[in-house]
Every structure is written in C-alpha cells, then in structure tokens.
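Notes for the one structure printed next.
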Amino acid sequence: MIEHLTIVHILPGLLGSYGDVGNVLVLRHRAESRGIKVTIVNVHPGERVPASADLYVIGGGQGDEETCAAELLRRDTGLANAFQRGAPILAVCAGLQLLGEWFTDSGGNKVAGVGLLDLVTTRLRVRAVGDVLAEVTAIPDMPTLIGFENHLGATVLGPTSEPLAQVRHGVGNGAGEPVEGVAQGSVVGTYLHGPVLALNPALADHLLASVVGHLLPMDDERAEKFRSSRISRAQG
Ligand code: GLN
C-alpha cells in the first residue's frame, strides 16, 4: 500500500474556473482519510511540470487563460512524460480542450493544443450552461455523473479516444453525439465543474485507486448528501 501521494495541480492561477481547485482538495481529503499522506505541488507559469508525480489535475479557464496555458504546456514535456507512464490525469473543461490537438479561441482562431488527446474543439452556436447528468461508459461500476457545465467549446473525439459518459441531461461535448468528456489512456476528461470530484466521490476514488490500488471504504455522509441534492435539482 502506497503511503504517500504527490498531486500536481497544473497552472491553478490560470485554470481554476468555478472552484476547480476543489478537485485537488477532494483528492487530498479522500486520500488522507485512508491514512495516505499527500503533497500538493502547484505548477505556476515559468515552472516545469514534474514528470514523476502520482496524479495530475488541470482545471477550466476562459479564452485568454486557456490559450496562455496551452502555450506554456506545449513547451513542457513533463505532462507528456507522465501521460506516457500512465499516471492518472484529471482534465476539466478548458483543461480537456487544451490537451487535444487544437481548440478554437474566442476570435475563432485555431490554437494548437498539447496533443496528448485525440480530440479537437470547435465552437457551439449557443453557450452550454447548466446541470449535466451522464452515465459513465468508459469506467466500470461508476454511478451517474453529475456536474455543472459552462462552455462554448464543442469537442469532437477521434478514433483513439472514447467518451467518458453518455449524456442523460445537458449538452456535454456538444458535437452531435450526446456524450460527455473523454477517456484516453490515463486521462479522464470532463466538461463538468462542481467541482466534479466533490459531486462524484466515486470518480475521485477511481483516480486514487489507479495509483494506490485497493482503497479502504469511506463513509462520507456529507458528500453523499451534497451529491443527491444536486442530482434531484438536475432531475427536477
Ligand atoms: N473557454 C472554454 C469554453 O468556453 C472553456 C470554458 C471553461 O473551462 N469553463 O469552451
């Protein structure tokens, strides 16, 4: 059993829409509750992404921040090395988009992504905003995914990536098929804020378990209450 975990939070000052930092805090809380010590490494502009950490988190951000983050990360091999090693990476919204081949900025220009994921992102005609409910198809035994989307990007997946989930309510990737997010290698990508791991503790545990192996069960009544109230609201 691994006793210590290093989580890298990539560019939190640029990519942290709607409290996405909460994903890192949830991972820490759920690891520490199982007796696993956690170190969080925040990577800021000008710093290198460590290639040998256990888990990586990258959040959402608006247009200029997303373009700036893509430029910084294209020049850095740390994340690509971690991806090749199979280290789990959670990517949310702009984080998902910029790990792909390219995305479209607010001026309609194509911006090169980091190129880890087989996907491209064009633009929706109308911003997708609201609650999303989706059934996870890429990870077995995962309960319904719930979260909040707010994006203009429409993400088209290529043949070597697959959707994370099938949308039941909301827009998701917004490129024709009613699907949400992406799974490719060790990356779990989603459009969902919330933060997504606070609303979906099973997904947090999936990411942790892919590093530490078997996790002790955890009774987190508050998280479950929060989750069910948001599910009822989305269904209502
Ligand atoms: N700028 C991107 C979009 O609107 C990402 C938004 C976000 O990360 N919330 O699609």
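If you're wondering about the labels, chains in the structure tokens are A, B, ... by order shown, residues count from 1 in each chain, ligands from 1 in order shown.
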
Surrounding residues of A:Leu27 excluding itself and chain neighbours under 4 positions, 8 Å, only C-alpha atoms, as JSON, numbers by chain: {"A": [23, 31, 197, 204, 205, 208]}

Tell me, counting only C-alpha atoms and all ligand atoms, for each residue of chain A within 9 Å of ligand 1, which pair of atoms is nearest and how far apart they are in Å to one decimal, in rows ordered by chain and increasing number, as CSV.
```
residue,atom,partner,partner_atom_place_in_ligand_line,distance
A:Leu15,CA,ligand 1,8 (O),7.4
A:Gly16,CA,ligand 1,8 (O),8.0
A:Ser17,CA,ligand 1,9 (N),5.8
A:Tyr18,CA,ligand 1,9 (N),7.6
A:Gly59,CA,ligand 1,8 (O),7.0
A:Gly60,CA,ligand 1,8 (O),3.3
A:Gly61,CA,ligand 1,8 (O),4.0
A:Gln62,CA,ligand 1,1 (N),4.1
A:Gly63,CA,ligand 1,1 (N),4.5
A:Asp64,CA,ligand 1,1 (N),8.1
A:Glu65,CA,ligand 1,1 (N),8.3
A:Glu66,CA,ligand 1,1 (N),6.5
A:Thr67,CA,ligand 1,1 (N),9.0
A:Val92,CA,ligand 1,8 (O),6.8
A:Cys93,CA,ligand 1,8 (O),4.2
A:Ala94,CA,ligand 1,8 (O),3.8
A:Gly95,CA,ligand 1,8 (O),6.8
A:Leu96,CA,ligand 1,8 (O),8.4
A:Gln97,CA,ligand 1,5 (C),7.4
A:Phe103,CA,ligand 1,10 (O),8.8
A:Thr104,CA,ligand 1,10 (O),8.6
A:Asp105,CA,ligand 1,1 (N),7.4
A:Ser106,CA,ligand 1,1 (N),7.7
A:Thr121,CA,ligand 1,10 (O),8.2
A:Thr122,CA,ligand 1,10 (O),8.7
A:Arg123,CA,ligand 1,10 (O),7.3
A:Leu124,CA,ligand 1,10 (O),8.4
A:Arg127,CA,ligand 1,4 (O),7.4
A:Ala128,CA,ligand 1,4 (O),8.5
A:Glu149,CA,ligand 1,9 (N),7.2
A:Asn150,CA,ligand 1,9 (N),5.3
A:His151,CA,ligand 1,4 (O),3.5
A:Leu152,CA,ligand 1,4 (O),3.9
A:Gly153,CA,ligand 1,10 (O),3.5
A:Ala154,CA,ligand 1,10 (O),7.1
A:Thr155,CA,ligand 1,10 (O),8.8
A:Tyr191,CA,ligand 1,8 (O),7.5
A:Leu192,CA,ligand 1,9 (N),8.5
A:His193,CA,ligand 1,9 (N),7.7
```

Given only C-alpha atoms as the counted atoms, nearest of A:Asn81, A:Ser186, A:Ala112, A:Pro140 to A:Leu207: A:Ser186

Non-local contacts of A:Thr137 (8 Å; only C-alpha atoms; under 5 positions in same chain excluded) as a VMD selection string: chain A and resid 163 to 166

All residues 9 Å or closer to stretch 143-148 of chain A, only C-alpha atoms, same chain fewer than 6 positions away omitted, as a ChimeraX atom specification: /A:129-136,165,170,191-196,199-200,202-203,227,230-231,234
